[in-house]
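Heads up, protein-v3.txt below (compact mmCIF, C-alpha atoms):
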```txt
# COMPACT_ATOMS: atom_id res chain seq x y z
CA MET I 1 124.89 123.41 42.67
CA ASP I 2 123.58 123.74 46.22
CA LYS I 3 124.78 127.28 46.85
CA GLU I 4 121.94 129.69 47.46
CA ILE I 5 121.47 132.31 44.73
CA SER I 6 119.75 135.62 45.45
CA GLN I 7 116.28 136.35 44.04
CA ALA I 8 117.67 139.40 42.26
CA VAL I 9 120.07 137.20 40.30
CA ILE I 10 117.35 134.64 39.63
CA ARG I 11 115.11 137.29 38.11
CA ARG I 12 117.90 138.15 35.66
CA LEU I 13 118.59 134.57 34.63
CA PRO I 14 115.89 134.16 31.97
CA ARG I 15 117.42 137.09 30.10
CA TYR I 16 120.91 135.55 30.22
CA TYR I 17 119.38 132.30 29.08
CA ARG I 18 117.77 134.04 26.13
CA TYR I 19 120.93 135.86 25.06
CA LEU I 20 123.06 132.74 25.40
CA GLY I 21 120.57 130.89 23.18
CA GLU I 22 120.88 133.61 20.55
CA LEU I 23 124.67 133.35 20.69
CA LEU I 24 124.43 129.60 20.17
CA ASP I 25 122.07 130.15 17.22
CA ASP I 26 124.71 132.48 15.78
CA GLY I 27 127.35 129.77 16.16
CA ILE I 28 129.27 131.62 18.89
CA GLU I 29 130.91 129.14 21.28
CA ARG I 30 132.50 131.46 23.78
CA ILE I 31 132.15 135.10 24.80
CA SER I 32 133.93 137.52 27.11
CA SER I 33 132.01 139.36 29.80
CA ASN I 34 132.80 142.59 27.94
CA ASP I 35 131.24 141.35 24.70
CA LEU I 36 128.23 139.98 26.55
CA SER I 37 127.99 143.30 28.37
CA ALA I 38 127.87 145.22 25.07
CA ARG I 39 125.13 142.94 23.74
CA MET I 40 122.99 142.95 26.86
CA HIS I 41 123.50 146.57 27.96
CA VAL I 42 124.46 145.42 31.44
CA THR I 43 127.83 146.25 33.00
CA ALA I 44 130.57 143.62 32.62
CA SER I 45 131.02 143.76 36.37
CA GLN I 46 127.36 142.88 36.94
CA ILE I 47 127.66 139.98 34.51
CA ARG I 48 130.78 138.67 36.26
CA GLN I 49 129.08 138.93 39.64
CA ASP I 50 125.91 137.24 38.44
CA LEU I 51 127.64 134.43 36.59
CA ASN I 52 130.17 133.79 39.34
CA ASN I 53 127.28 132.08 41.07
CA PHE I 54 127.73 129.29 38.56
CA GLY I 55 131.54 129.20 39.05
CA GLY I 56 134.07 127.04 37.25
CA PHE I 57 134.15 128.89 33.93
CA GLY I 58 134.55 132.44 32.73
CA GLN I 59 138.36 132.17 32.93
CA GLN I 60 140.66 135.07 32.22
CA GLY I 61 141.53 135.15 28.52
CA TYR I 62 138.91 132.58 27.60
CA GLY I 63 135.57 134.08 28.52
CA TYR I 64 132.41 132.06 29.02
CA ASN I 65 131.63 128.76 27.34
CA VAL I 66 128.23 129.64 25.89
CA ALA I 67 126.71 126.16 25.66
CA TYR I 68 127.88 125.12 29.12
CA LEU I 69 126.73 128.32 30.79
CA ARG I 70 123.34 128.14 29.07
CA GLU I 71 122.92 124.53 30.18
CA GLU I 72 123.77 125.41 33.78
CA ILE I 73 121.38 128.35 33.86
CA GLY I 74 118.73 126.19 32.22
CA ASN I 75 119.18 123.61 34.99
CA ILE I 76 118.74 126.26 37.67
CA LEU I 77 115.59 127.55 35.97
CA GLY I 78 114.29 124.03 35.45
CA VAL I 79 113.74 124.48 31.71
CA ASN I 80 115.63 121.29 30.88
CA ASP I 81 112.82 119.28 32.45
CA VAL I 82 109.40 118.96 30.85
CA HIS I 83 106.54 120.72 32.69
CA ASN I 84 103.02 119.74 31.73
CA VAL I 85 100.68 122.71 31.56
CA ILE I 86 96.93 123.02 31.27
CA VAL I 87 95.14 126.20 30.26
CA ILE I 88 91.92 127.11 32.09
CA GLY I 89 89.90 129.56 30.04
CA ALA I 90 89.85 128.87 26.30
CA GLY I 91 88.99 132.38 25.13
CA ASN I 92 91.29 134.40 22.90
CA LEU I 93 94.11 134.63 25.38
CA GLY I 94 93.89 130.98 26.40
CA GLN I 95 93.95 129.92 22.75
CA ALA I 96 96.89 132.25 22.10
CA ILE I 97 98.81 130.67 24.97
CA ALA I 98 97.97 127.17 23.75
CA ASN I 99 99.22 128.09 20.28
CA TYR I 100 102.59 129.39 21.45
CA VAL I 101 104.96 126.81 20.02
CA LYS I 102 107.88 128.56 21.67
CA PHE I 103 106.96 127.55 25.20
CA GLU I 104 107.73 123.93 24.38
CA LYS I 105 111.29 124.88 23.50
CA VAL I 106 111.81 125.94 27.09
CA GLY I 107 110.20 122.85 28.56
CA PHE I 108 106.56 123.81 28.93
CA LYS I 109 104.13 121.48 27.22
CA ILE I 110 100.45 122.41 26.95
CA ILE I 111 98.49 119.18 27.26
CA GLY I 112 94.94 120.38 27.93
CA LEU I 113 92.64 123.32 27.40
CA PHE I 114 89.50 123.80 29.50
CA ASP I 115 86.51 126.13 29.57
CA VAL I 116 83.00 126.31 30.97
CA ASN I 117 81.39 127.51 27.75
CA PRO I 118 79.65 124.51 26.09
CA GLU I 119 79.91 126.22 22.70
CA LEU I 120 83.67 125.77 22.82
CA GLU I 121 83.53 122.06 23.70
CA GLY I 122 85.44 119.96 21.21
CA LYS I 123 86.84 122.88 19.23
CA VAL I 124 90.41 121.93 18.35
CA VAL I 125 93.27 124.30 19.17
CA ARG I 126 96.67 123.04 18.08
CA ASP I 127 95.58 119.40 18.17
CA LEU I 128 93.92 119.83 21.56
CA PRO I 129 90.14 119.55 21.73
CA ILE I 130 88.76 122.05 24.26
CA MET I 131 87.38 120.18 27.27
CA MET I 132 84.78 121.21 29.82
CA LEU I 133 86.01 122.19 33.29
CA ASP I 134 83.84 119.43 34.77
CA ASP I 135 86.12 116.93 33.04
CA LEU I 136 89.21 118.28 34.81
CA PRO I 137 89.24 115.89 37.82
CA LYS I 138 89.14 112.88 35.51
CA PHE I 139 91.81 114.41 33.24
CA LEU I 140 94.08 114.91 36.25
CA GLU I 141 93.67 111.26 37.27
CA ASN I 142 95.17 110.25 33.95
CA ASN I 143 97.68 113.05 33.35
CA LYS I 144 100.45 114.54 35.44
CA VAL I 145 99.95 118.30 35.41
CA GLU I 146 102.34 120.69 37.10
CA ILE I 147 101.12 124.12 36.03
CA ALA I 148 97.74 125.66 35.25
CA ALA I 149 97.60 128.86 33.23
CA LEU I 150 94.55 130.85 34.33
CA THR I 151 93.20 132.86 31.41
CA LEU I 152 89.70 133.49 32.69
CA PRO I 153 87.72 136.42 34.09
CA LYS I 154 88.85 137.64 37.49
CA HIS I 155 85.62 136.76 39.27
CA ASN I 156 86.19 133.06 38.52
CA ALA I 157 89.90 133.01 39.23
CA LYS I 158 90.04 132.48 42.97
CA ALA I 159 87.46 129.68 43.11
CA THR I 160 89.23 127.96 40.22
CA ALA I 161 92.61 128.29 41.94
CA LEU I 162 91.21 126.75 45.13
CA LYS I 163 89.72 123.91 43.11
CA LEU I 164 93.07 123.32 41.38
CA VAL I 165 94.89 123.14 44.71
CA SER I 166 92.34 120.64 46.01
CA LEU I 167 92.98 118.56 42.89
CA GLY I 168 96.75 118.66 43.41
CA VAL I 169 97.74 121.30 40.85
CA THR I 170 99.71 123.74 42.97
CA SER I 171 101.39 126.05 40.45
CA ILE I 172 99.54 128.80 38.64
CA TRP I 173 100.54 131.08 35.81
CA ASN I 174 97.99 133.77 36.52
CA PHE I 175 96.67 136.08 33.78
CA ALA I 176 93.48 136.93 35.68
CA HIS I 177 93.55 140.46 36.99
CA VAL I 178 93.45 139.47 40.64
CA ASP I 179 96.06 138.40 43.21
CA LEU I 180 96.11 134.75 44.24
CA ASP I 181 99.21 134.95 46.37
CA ASP I 182 97.35 134.43 49.64
CA ILE I 183 96.23 130.89 48.79
CA GLU I 184 98.02 128.36 50.97
CA GLY I 185 100.30 125.93 49.16
CA LEU I 186 100.15 127.66 45.79
CA VAL I 187 103.10 128.88 43.71
CA VAL I 188 101.91 131.83 41.60
CA GLU I 189 103.51 133.82 38.80
CA ASN I 190 101.43 136.78 37.69
CA VAL I 191 101.14 138.34 34.26
CA HIS I 192 99.04 141.44 34.88
CA LEU I 193 98.71 142.94 31.41
CA SER I 194 96.72 146.00 32.52
CA ASP I 195 99.35 146.82 35.14
CA SER I 196 102.00 146.59 32.46
CA LEU I 197 100.07 149.01 30.21
CA MET I 198 99.71 151.48 33.10
CA GLN I 199 103.44 151.30 33.75
CA LEU I 200 103.95 152.08 30.06
CA SER I 201 101.60 155.04 30.11
CA TYR I 202 103.40 156.42 33.17
CA ASN I 203 106.74 156.11 31.43
CA ILE I 204 105.31 157.80 28.33
CA SER I 205 104.17 160.76 30.43
CA GLN I 206 107.64 161.03 32.02
CA HIS I 207 109.33 160.80 28.62
CA LYS I 208 107.34 163.81 27.39
CA LYS I 209 108.56 166.04 30.22
CA MET K 1 101.51 167.16 41.69
CA ASP K 2 105.07 168.01 40.68
CA LYS K 3 106.84 166.15 43.46
CA GLU K 4 109.07 163.41 42.15
CA ILE K 5 107.93 159.91 43.07
CA SER K 6 110.37 157.01 43.18
CA GLN K 7 110.24 154.27 40.54
CA ALA K 8 109.71 151.69 43.27
CA VAL K 9 106.49 153.45 44.32
CA ILE K 10 105.42 153.87 40.70
CA ARG K 11 105.75 150.14 40.08
CA ARG K 12 103.38 149.49 42.97
CA LEU K 13 100.74 152.01 41.83
CA PRO K 14 98.84 149.85 39.33
CA ARG K 15 98.14 147.38 42.11
CA TYR K 16 96.81 150.11 44.40
CA TYR K 17 94.74 151.37 41.49
CA ARG K 18 93.27 147.91 40.98
CA TYR K 19 92.41 147.40 44.66
CA LEU K 20 90.87 150.85 45.00
CA GLY K 21 88.71 150.08 41.96
CA GLU K 22 87.52 146.87 43.60
CA LEU K 23 86.66 148.79 46.78
CA LEU K 24 84.62 151.28 44.73
CA ASP K 25 82.84 148.39 43.00
CA ASP K 26 82.00 147.07 46.47
CA GLY K 27 80.57 150.46 47.43
CA ILE K 28 83.32 151.23 49.96
CA GLU K 29 83.95 154.98 50.14
CA ARG K 30 86.79 155.15 52.63
CA ILE K 31 89.29 152.73 54.09
CA SER K 32 91.97 152.80 56.79
CA SER K 33 95.53 151.86 55.95
CA ASN K 34 95.13 148.86 58.26
CA ASP K 35 92.14 147.53 56.36
CA LEU K 36 93.84 148.17 53.02
CA SER K 37 96.92 146.44 54.41
CA ALA K 38 94.89 143.34 55.31
CA ARG K 39 93.37 143.21 51.81
CA MET K 40 96.58 143.80 49.89
CA HIS K 41 99.00 141.82 52.08
CA VAL K 42 101.31 144.81 52.33
CA THR K 43 102.27 146.39 55.66
CA ALA K 44 100.19 149.38 56.75
CA SER K 45 103.43 151.31 57.14
CA GLN K 46 104.36 150.65 53.51
CA ILE K 47 100.91 151.81 52.39
CA ARG K 48 101.18 155.00 54.43
CA GLN K 49 104.64 155.71 53.04
CA ASP K 50 103.56 155.04 49.45
CA LEU K 51 100.35 157.04 49.62
CA ASN K 52 101.91 159.95 51.48
CA ASN K 53 103.34 160.83 48.07
CA PHE K 54 99.82 161.90 47.16
CA GLY K 55 99.30 163.88 50.43
CA GLY K 56 96.22 165.74 51.55
CA PHE K 57 94.14 162.74 52.57
CA GLY K 58 94.56 159.68 54.72
CA GLN K 59 93.74 161.61 57.88
CA GLN K 60 93.86 160.07 61.33
CA GLY K 61 90.47 158.63 62.22
CA TYR K 62 89.13 158.96 58.68
CA GLY K 63 91.33 156.81 56.51
CA TYR K 64 91.61 157.21 52.76
CA ASN K 65 88.93 158.56 50.48
CA VAL K 66 88.81 155.70 47.98
CA ALA K 67 87.46 157.57 44.94
CA TYR K 68 89.76 160.54 45.39
CA LEU K 69 92.86 158.43 45.94
CA ARG K 70 92.05 156.27 42.92
CA GLU K 71 91.55 159.34 40.75
CA GLU K 72 94.89 160.81 41.87
CA ILE K 73 96.77 157.58 41.23
CA GLY K 74 95.00 157.27 37.87
CA ASN K 75 96.19 160.76 36.96
CA ILE K 76 99.77 159.88 37.83
CA LEU K 77 99.56 156.69 35.76
CA GLY K 78 97.90 158.53 32.91
CA VAL K 79 94.95 156.15 32.72
CA ASN K 80 92.40 158.96 32.84
CA ASP K 81 93.55 160.04 29.36
CA VAL K 82 92.78 158.00 26.27
CA HIS K 83 95.77 156.34 24.60
CA ASN K 84 95.29 155.09 21.07
CA VAL K 85 96.96 151.74 20.49
CA ILE K 86 97.68 149.73 17.35
CA VAL K 87 98.58 146.06 17.36
CA ILE K 88 101.29 144.86 14.96
CA GLY K 89 101.01 141.13 14.43
CA ALA K 90 97.47 139.83 14.12
CA GLY K 91 98.15 136.21 15.07
CA ASN K 92 96.57 134.60 18.09
CA LEU K 93 98.21 136.84 20.64
CA GLY K 94 97.56 140.02 18.66
CA GLN K 95 93.91 139.09 18.27
CA ALA K 96 93.69 138.25 21.97
CA ILE K 97 95.08 141.68 22.84
CA ALA K 98 92.69 143.38 20.42
CA ASN K 99 89.78 141.54 22.02
CA TYR K 100 90.61 142.58 25.58
CA VAL K 101 87.70 144.87 26.42
CA LYS K 102 89.27 145.59 29.79
CA PHE K 103 92.10 147.69 28.42
CA GLU K 104 89.64 150.37 27.36
CA LYS K 105 88.49 150.77 30.94
CA VAL K 106 91.97 151.95 31.85
CA GLY K 107 92.26 154.32 28.90
CA PHE K 108 93.82 152.18 26.19
CA LYS K 109 91.84 152.04 22.97
CA ILE K 110 92.85 149.64 20.22
CA ILE K 111 92.17 151.37 16.92
CA GLY K 112 94.08 149.27 14.38
CA LEU K 113 95.39 145.77 13.82
CA PHE K 114 98.14 145.06 11.28
CA ASP K 115 99.87 142.04 9.81
CA VAL K 116 101.97 141.06 6.80
CA ASN K 117 100.04 137.88 6.03
CA PRO K 118 97.66 138.61 3.10
CA GLU K 119 95.40 135.75 4.21
CA LEU K 120 94.48 137.80 7.28
CA GLU K 121 93.66 140.97 5.34
CA GLY K 122 90.14 142.19 6.04
CA LYS K 123 89.38 139.61 8.70
CA VAL K 124 87.39 141.45 11.36
CA VAL K 125 88.48 141.30 14.99
CA ARG K 126 86.22 143.19 17.38
CA ASP K 127 84.97 145.53 14.65
CA LEU K 128 88.50 146.15 13.35
CA PRO K 129 89.38 144.79 9.90
CA ILE K 130 92.97 143.54 9.88
CA MET K 131 95.12 145.81 7.70
CA MET K 132 98.37 145.15 5.89
CA LEU K 133 101.55 146.62 7.38
CA ASP K 134 102.15 148.51 4.11
CA ASP K 135 99.04 150.56 4.92
CA LEU K 136 100.47 151.73 8.23
CA PRO K 137 102.04 155.02 7.04
CA LYS K 138 98.74 156.14 5.53
CA PHE K 139 96.84 155.03 8.64
CA LEU K 140 99.16 157.09 10.83
CA GLU K 141 98.57 160.17 8.68
CA ASN K 142 94.89 159.98 9.55
CA ASN K 143 95.03 158.66 13.11
CA LYS K 144 96.85 159.74 16.23
CA VAL K 145 98.58 156.64 17.62
CA GLU K 146 100.55 156.68 20.83
CA ILE K 147 101.37 153.03 21.47
CA ALA K 148 102.11 150.03 19.28
CA ALA K 149 101.76 146.56 20.76
CA LEU K 150 104.26 144.26 19.05
CA THR K 151 102.88 140.73 18.90
CA LEU K 152 105.06 139.37 16.12
CA PRO K 153 108.00 136.96 15.81
CA LYS K 154 111.24 138.19 17.33
CA HIS K 155 113.15 138.33 14.04
CA ASN K 156 110.76 141.01 12.75
CA ALA K 157 110.52 143.00 15.94
CA LYS K 158 113.55 145.27 15.75
CA ALA K 159 113.04 146.36 12.14
CA THR K 160 109.37 147.02 12.89
CA ALA K 161 110.26 149.07 15.97
CA LEU K 162 112.70 151.19 13.95
CA LYS K 163 110.03 151.70 11.30
CA LEU K 164 107.52 152.78 13.95
CA VAL K 165 109.94 155.32 15.40
CA SER K 166 110.55 156.74 11.93
CA LEU K 167 106.79 157.07 11.52
CA GLY K 168 106.45 158.87 14.85
CA VAL K 169 105.13 156.05 17.07
CA THR K 170 107.60 156.07 19.94
CA SER K 171 106.01 153.84 22.58
CA ILE K 172 106.03 150.08 22.33
CA TRP K 173 104.33 147.41 24.37
CA ASN K 174 106.66 144.60 23.44
CA PHE K 175 105.58 140.96 23.45
CA ALA K 176 108.32 139.85 21.03
CA HIS K 177 110.97 137.83 22.81
CA VAL K 178 113.75 140.31 22.17
CA ASP K 179 114.96 143.50 23.88
CA LEU K 180 114.27 146.81 22.12
CA ASP K 181 115.54 149.02 24.92
CA ASP K 182 118.58 150.20 22.97
CA ILE K 183 116.54 151.99 20.28
CA GLU K 184 116.96 155.75 20.61
CA GLY K 185 113.80 157.70 21.43
CA LEU K 186 111.65 154.67 22.17
CA VAL K 187 109.71 154.01 25.39
CA VAL K 188 109.39 150.24 25.83
CA GLU K 189 107.46 148.06 28.24
CA ASN K 190 108.24 144.38 27.88
CA VAL K 191 105.98 141.40 28.44
CA HIS K 192 108.33 138.44 28.10
CA LEU K 193 106.02 135.48 28.60
CA SER K 194 108.76 132.84 28.34
CA ASP K 195 110.82 134.63 30.99
CA SER K 196 107.79 134.64 33.24
CA LEU K 197 107.31 130.88 32.76
CA MET K 198 110.97 130.27 33.60
CA GLN K 199 110.62 132.32 36.77
CA LEU K 200 107.62 130.15 37.65
CA SER K 201 109.49 126.91 37.04
CA TYR K 202 112.36 128.14 39.22
CA ASN K 203 109.94 128.96 42.03
CA ILE K 204 108.29 125.56 41.66
CA SER K 205 111.66 123.83 42.06
CA GLN K 206 112.40 125.91 45.18
CA HIS K 207 108.95 125.17 46.60
CA LYS K 208 109.62 121.42 46.37
CA LYS K 209 112.78 121.64 48.48
```
Take the structure in the file and give it back as structure tokens.
Amino acid sequence: MDKEISQAVIRRLPRYYRYLGELLDDGIERISSNDLSARMHVTASQIRQDLNNFGGFGQQGYGYNVAYLREEIGNILGVNDVHNVIVIGAGNLGQAIANYVKFEKVGFKIIGLFDVNPELEGKVVRDLPIMMLDDLPKFLENNKVEIAALTLPKHNAKATALKLVSLGVTSIWNFAHVDLDDIEGLVVENVHLSDSLMQLSYNISQHKK
Amino acid sequence: MDKEISQAVIRRLPRYYRYLGELLDDGIERISSNDLSARMHVTASQIRQDLNNFGGFGQQGYGYNVAYLREEIGNILGVNDVHNVIVIGAGNLGQAIANYVKFEKVGFKIIGLFDVNPELEGKVVRDLPIMMLDDLPKFLENNKVEIAALTLPKHNAKATALKLVSLGVTSIWNFAHVDLDDIEGLVVENVHLSDSLMQLSYNISQHKK
């Protein structure tokens, strides 16, 4: 699977992956692009175009093999590997992230939870005792960590990201309300919750018109 | 301000709003598109095109009036109004959302927190006692609610959304890992955290190449 796939298709893949998982859960082994279209509210033509990138199935009169297609998409997305994740910022959001059992099902394993607040030290969240940020270098010597979720105030985010890069953690799932995309060597995925709420309020105002 | 603005511009507005707020915090009253471009890592031409939608400022040799531009963008996004929000699902994520002081600064006020788990009843989260979902109809009689944040398991999400619509709450900030976009009369903004993680893992795999 060396063919290059466009970013637009890639952004749609997690949703296909999710729907294919639901089909599997429902015991459905194969599905036509028309049926998938009706479920996903996407045109059948779009589905055929998107999934043609993973060629070799989706034959006329058969449809898609659900398990095979899901596996292929999972491989592209990298969810069939295990990614070790640490959470920096053990406040409410950090603890919520650490408690999300579901992430493990798609290959993301939370193995450490860090904060700077000494009152939180040793508090156990889902079998993980909260550690102090000063202990991070030592932790990273003994544990392979691929991703850091940043769930901390924005004024600490950039310095923490730079520290992570210097320690060899180069992928950040960023919940801090600040952009980190200009840091050299870092892969960043942002979850800007306030931006999402503003988008919602805009759409509400349009809906009322 | 009746001119229609494209969705692509609208999606970029929260980020402008955030940067303009940071400029104000730094005491900066006006800024050229070039300086804003350097801060935001967007071309100056893109900034001029985007902000021309809000005409009447951005004059040659003066630049943009930061406070005025922020106010205008805030009006478009509706963040200068107050939106009452309830949270359905008072687990870790729901409590994290309820505890986010920052949302109030952009006009979103959490006024109620609901769950179906009787063990949570009455537990206080940021001055709000958790209520039972059965109490929701009565609560809505006495409180104007515009938005419901759904932070509950996916198998309960659709039925809850339908119930909310029937009770007159027609805007949902959806954290459940399921699409609700096909429900008539509902405005939905999705935060699919697992999808975001998968996007990150894809980008990590590309970065390694």
Legend entry - chain K residues near chain I (6 Å cut-off, all atoms listed in the file) as a ChimeraX atom specification: /K:14,77-78,92-93,96,189,195,198,200-202
Inset, instruction - Could you pull out every residue with an atom within 9 Å of (97.8, 139.3, 9.5), file coordinates, counting all atoms listed in the file, and send them as an NGL selection string? - result: :K and (88-91 or 113-123 or 130-133)
Inset, instruction - One decimal, Å: what's the distance from atom CA of I:Leu150 over to atom CA of I:Ile86, could you say? - result: 8.7 Å
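Of note, atom CA of K:Leu167 and atom CA of I:Ala38 are spaced 27.7 Å apart.
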Legend entry - Nearest candidate to I:Ile5 (options I:Ile31, I:Leu23, I:Leu51, I:Ala44; using only C-alpha atoms):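 When distances to I:Ile5 are compared using only C-alpha atoms, the smallest one comes from I:Leu51.
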Please put the answer as AutoDock Vina command-line options: centre and edge lengths, in Å with one decimal, of a box along x, y and z that encloses all listed atoms of stretch 109-123 of chain I plus 5 Å on each side.
```
--center_x 91.9 --center_y 123.3 --center_z 25.1 --size_x 34.5 --size_y 18.3 --size_z 21.7
```
Inset, instruction - Work out how far atom CA of I:Asp26 is from atom CA of K:Lys154, in Å to one decimal. - result: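 About the pair atom CA of K:Lys154 and atom CA of I:Asp26: they are 14.7 Å apart.
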